[in-house]
Amino acid sequence: YLYQYKSTPFLSGELSSFPKNVTREIFKGRIEVSNIGNTDNKEVLAETLLLLLEDYPFYDVKKIDKNEFLKSSKLFLDKNKYLSKCEFIDSINSYLRHSIDDPHFRVGSACDKPKKITPVYVYPIGDRYAVSAIFDEEVQKKMPLGSTLLKINDQVLNKNLNYREINDELLKQPIKSRVSLEFKKPSGELDNIVYYIKDKYEITENFKPKNLYVKKLNDSVVYFKINKITYDLNMAYLNNFNIINQSKGLVLDLRGCTGGDFLAASQFLSYFIGNEFVFFNYGYVQADDKNAVIVNKSKDTSYNYHQKGQLILLVDADTACVAEMIAHALIKYRKDTSHIVSKDKHTAGALSFAYEMNLPEGIMILTNALGDKRKIYLDNTIIEDKGITPD
């Protein structure tokens, strides 16, 4: 573990209670892995992944047969490690995404990949993929918004595909790439279009707001976009406190937010809850009693959001980890004024501490398969894969 000193979250001053002798290094660290000898670095990656998968903590929750999965994983790695390094890593991430589907277990690299963009985005409506946005005037003239996308480059869009995969993997292509689409217009007419990816597209601000974007929607409601939870979140809140606190309602948009720093989240929550509260519980599955992580009462109540203010929490299937903890705490401790809204059945259900393992050639594995096996509980429940359901 590479840290200059050992510290506990308790020393931050944000918490009144945290498990004894639990340092940051126990639940969040960085590990360097060196290749001693002439072993191929892809072999080092494959062997490291298998060791980590041996200790993956959520087989039971995800109802995956561990032994069968380890066998299939070894076969997959043996079959694909003859690819180039970058192709091998891409294949691993695709395999992990379609098997354990855990945002806390993936492989990163320093591969120089071509930039991929798209002028077309879809959104699920019922059992179809509707064209929800087009940022190319030529394409928009030929394909109306609301059309149902049927094929991308001759690949049929079946019901098992996630719309994010369609947007991020099928529609997004390198610059100058040829893209062919087959679609059904709102009128019912079948049609097709071919276009080439341009150097860039002007994406409107309201389509994909930037992190910590704050806007007064009207005299009563303020919108606050949160893509990542760091201490910058608290600074953005304080810098916009006057317009936020004068509102009758605040929309916290946590869609796509995959988490961040739980101490920053605890401070952010204290502005809304005010009193001391249990943030989460932490302990072993076998243990009857779990250690409560308790957040202190607000140090300066003058920056607390008023108790009559309505909170609308926008979440989706990508809302994960610390973002889920924020949503849970607000619903629990401001239940009369907080409401969760989502088009998805539940949030990601991905709640665990993660480590970074740095391997040779700029390869990095993010994993939750290390540590002392303690897990995070919300109201004594593991929410892995279950997530938080909307109102």
# chains A, B, ... in the order shown; residues from 1 in each chain; ligands from 1
call {"tool": "residues_around", "arguments": {"residues": "A:Ile331", "least_positions_apart": "5", "cutoff": "12 Å", "atoms": "only C-alpha atoms", "output": "list in words"}}
result
Leu269, Phe272, Ile273, Gln310, Leu311, Ile312, Leu313, Glu324, Met325, Ile326, Asp336, Thr337, Ser338, His339, Ile340, Val341, Leu378, Ile388, Thr389, Pro390 and Asp391 of chain A
call {"tool": "write_last_selection", "arguments": {"atoms": "C-alpha atoms", "output": "compact mmCIF listing (two decimals), in the first residue's frame"}}
result
# COMPACT_ATOMS: atom_id res chain seq x y z
CA LEU A 269 -25.44 15.20 3.66
CA PHE A 272 -29.48 18.58 4.56
CA ILE A 273 -29.93 16.34 7.61
CA GLN A 310 -38.53 19.54 -1.17
CA LEU A 311 -35.78 17.31 -2.56
CA ILE A 312 -36.22 15.50 -5.88
CA LEU A 313 -33.49 12.86 -6.38
CA GLU A 324 -26.64 5.47 -3.67
CA MET A 325 -25.63 6.14 -0.06
CA ILE A 326 -26.60 9.81 -0.47
CA ASP A 336 -41.29 13.76 4.36
CA THR A 337 -39.50 16.05 1.91
CA SER A 338 -37.42 13.70 -0.28
CA HIS A 339 -38.55 11.76 -3.34
CA ILE A 340 -36.63 9.40 -5.64
CA VAL A 341 -37.53 9.56 -9.33
CA LEU A 378 -27.53 0.25 4.48
CA ILE A 388 -32.43 1.57 -4.37
CA THR A 389 -35.92 1.66 -5.86
CA PRO A 390 -37.69 4.88 -6.83
CA ASP A 391 -40.90 6.07 -5.16
call {"tool": "residues_around", "arguments": {"residues": "stretch 103-107 of chain A", "least_positions_apart": "6", "cutoff": "9 Å", "atoms": "only C-alpha atoms", "output": "list in words"}}
result
Ile89, Asp90, Ile92, Asn93, Leu96, Arg97, Thr258, Ala320, Ala348, Ala350, Leu351, Ser352, Phe353, Ala354, Tyr355, Ile363, Met364, Ile365, Leu366, Thr367, Asn368 and Ala369 of chain A
call {"tool": "write_last_selection", "arguments": {"atoms": "N, CA and C atoms", "output": "compact mmCIF listing (two decimals), in the first residue's frame"}}
result
# COMPACT_ATOMS: atom_id res chain seq x y z
N ILE A 89 -7.44 -6.26 -23.18
CA ILE A 89 -8.09 -5.53 -22.09
C ILE A 89 -9.53 -5.20 -22.45
N ASP A 90 -9.77 -4.79 -23.69
CA ASP A 90 -11.15 -4.52 -24.11
C ASP A 90 -12.02 -5.77 -23.99
N ILE A 92 -11.55 -8.29 -21.97
CA ILE A 92 -11.74 -8.60 -20.54
C ILE A 92 -12.87 -7.76 -19.96
N ASN A 93 -12.85 -6.46 -20.26
CA ASN A 93 -13.88 -5.57 -19.73
C ASN A 93 -15.27 -5.94 -20.25
N LEU A 96 -16.28 -9.08 -18.30
CA LEU A 96 -16.67 -8.77 -16.92
C LEU A 96 -18.01 -8.04 -16.88
N ARG A 97 -18.22 -7.16 -17.84
CA ARG A 97 -19.47 -6.39 -17.86
C ARG A 97 -20.68 -7.30 -18.11
N THR A 258 -21.33 7.66 -10.47
CA THR A 258 -20.85 6.35 -10.02
C THR A 258 -20.21 6.38 -8.64
N ALA A 320 -24.45 4.82 -8.59
CA ALA A 320 -23.79 3.73 -7.85
C ALA A 320 -23.05 4.23 -6.62
N ALA A 348 -27.79 1.13 -9.39
CA ALA A 348 -26.84 0.08 -9.79
C ALA A 348 -26.73 -1.05 -8.76
N ALA A 350 -24.27 -1.19 -6.30
CA ALA A 350 -22.83 -1.47 -6.31
C ALA A 350 -22.20 -0.66 -5.18
N LEU A 351 -22.03 -1.31 -4.04
CA LEU A 351 -21.61 -0.59 -2.85
C LEU A 351 -20.44 -1.32 -2.19
N SER A 352 -19.23 -0.86 -2.45
CA SER A 352 -18.06 -1.48 -1.83
C SER A 352 -16.86 -0.55 -1.99
N PHE A 353 -15.85 -0.78 -1.17
CA PHE A 353 -14.61 -0.03 -1.29
C PHE A 353 -13.74 -0.70 -2.35
N ALA A 354 -12.96 0.09 -3.07
CA ALA A 354 -12.18 -0.46 -4.18
C ALA A 354 -10.71 -0.11 -4.06
N TYR A 355 -9.88 -0.99 -4.59
CA TYR A 355 -8.43 -0.82 -4.63
C TYR A 355 -7.98 -0.62 -6.07
N ILE A 363 -1.08 -0.78 -17.06
CA ILE A 363 -2.34 -1.50 -16.83
C ILE A 363 -2.77 -1.30 -15.37
N MET A 364 -4.04 -1.00 -15.15
CA MET A 364 -4.57 -0.81 -13.81
C MET A 364 -5.82 -1.65 -13.62
N ILE A 365 -5.89 -2.38 -12.52
CA ILE A 365 -7.10 -3.13 -12.19
C ILE A 365 -7.77 -2.45 -11.01
N LEU A 366 -9.02 -2.04 -11.20
CA LEU A 366 -9.84 -1.55 -10.09
C LEU A 366 -10.60 -2.75 -9.57
N THR A 367 -10.50 -3.02 -8.27
CA THR A 367 -11.12 -4.24 -7.74
C THR A 367 -11.63 -4.07 -6.32
N ASN A 368 -12.70 -4.78 -6.01
CA ASN A 368 -13.22 -4.85 -4.64
C ASN A 368 -12.97 -6.23 -4.04
N ALA A 369 -12.04 -6.98 -4.64
CA ALA A 369 -11.76 -8.35 -4.19
C ALA A 369 -10.58 -8.40 -3.23
call {"tool": "closest_residue", "arguments": {"among": "A:Tyr284, A:Phe58, A:Phe207, A:Tyr129", "to": "A:Glu384", "atoms": "only C-alpha atoms"}}
result
A:Phe58
call {"tool": "closest_residue", "arguments": {"among": "A:Val120, A:Leu145, A:Ala264, A:Val295", "to": "A:Ser180", "atoms": "only C-alpha atoms"}}
result
A:Val120
call {"tool": "residues_around", "arguments": {"residues": "A:Thr230", "least_positions_apart": "6", "cutoff": "12 Å", "atoms": "only C-alpha atoms", "output": "list in words"}}
result
Asn211, Leu212, Ala236, Tyr237, Cys257, Thr258, Gly259, Gly260, Asp261, Phe262, Leu263, Ala264, Ala265, Ser266, Gln267, Phe268, Val322 and Ala323 of chain A
call {"tool": "select_by_dssp", "arguments": {"residues": "stretch 299-384 of chain A", "states": "strand (DSSP E)", "output": "NGL selection string"}}
result
:A and (310-314 or 338-341 or 355-359 or 363-367 or 375-377)
call {"tool": "closest_residue", "arguments": {"among": "A:Leu51, A:Ala46, A:Ala292, A:Leu70", "to": "A:Phe279", "atoms": "only C-alpha atoms"}}
result
A:Ala292
call {"tool": "residues_around", "arguments": {"residues": "A:Lys343", "least_positions_apart": "2", "cutoff": "12 Å", "atoms": "only C-alpha atoms", "output": "list in words"}}
result
Tyr123, Pro124, Ile125, Gly126, Arg255, Leu314, Val315, Asp316, Ala317, Asp318, Ile340, Val341, Lys345, His346, Thr347, Thr389, Pro390 and Asp391 of chain A
call {"tool": "residues_around", "arguments": {"residues": "A:Asn242", "least_positions_apart": "5", "cutoff": "12 Å", "atoms": "only C-alpha atoms", "output": "ChimeraX atom specification"}}
result
/A:214,216,222,236-237,247,302-306
call {"tool": "closest_residue", "arguments": {"among": "A:Val131, A:Cys86, A:Val122, A:Ile100", "to": "A:Asp65", "atoms": "only C-alpha atoms"}}
result
A:Ile100
call {"tool": "atom_distance", "arguments": {"atom1": "atom CA of A:Met143", "atom2": "atom CA of A:Lys184"}}
result
8.9 Å
call {"tool": "closest_residue", "arguments": {"among": "A:Lys228, A:Lys386, A:Lys332, A:Lys198", "to": "A:Asp136", "atoms": "only C-alpha atoms"}}
result
A:Lys198
call {"tool": "select_by_dssp", "arguments": {"residues": "stretch 94-287 of chain A", "states": "alpha helix (DSSP H)", "output": "JSON, numbers by chain"}}
result
{"A": [94, 95, 96, 97, 137, 138, 139, 140, 141, 142, 163, 164, 165, 231, 232, 233, 234, 235, 236, 237, 238, 239, 241, 242, 243, 244, 245, 262, 263, 264, 265, 266, 267, 268, 269, 270, 271, 272, 273]}
call {"tool": "atom_distance", "arguments": {"atom1": "atom CA of A:Ile376", "atom2": "atom CA of A:Val293"}}
result
10.0 Å
call {"tool": "closest_residue", "arguments": {"among": "A:Thr148, A:Gln307, A:Ser99, A:Asn167", "to": "A:Phe183", "atoms": "only C-alpha atoms"}}
result
A:Thr148
call {"tool": "atom_distance", "arguments": {"atom1": "atom CA of A:Arg164", "atom2": "atom CA of A:Thr204"}}
result
19.0 Å
call {"tool": "residues_around", "arguments": {"residues": "A:Val33", "least_positions_apart": "5", "cutoff": "10 Å", "atoms": "only C-alpha atoms", "output": "VMD selection string"}}
result
chain A and resid 44 to 45 48 357 to 360 363 to 364
call {"tool": "residues_around", "arguments": {"residues": "A:Lys85", "least_positions_apart": "2", "cutoff": "10 Å", "atoms": "only C-alpha atoms", "output": "ChimeraX atom specification"}}
result
/A:41-42,45,80-83,87-91,109,111,361,363
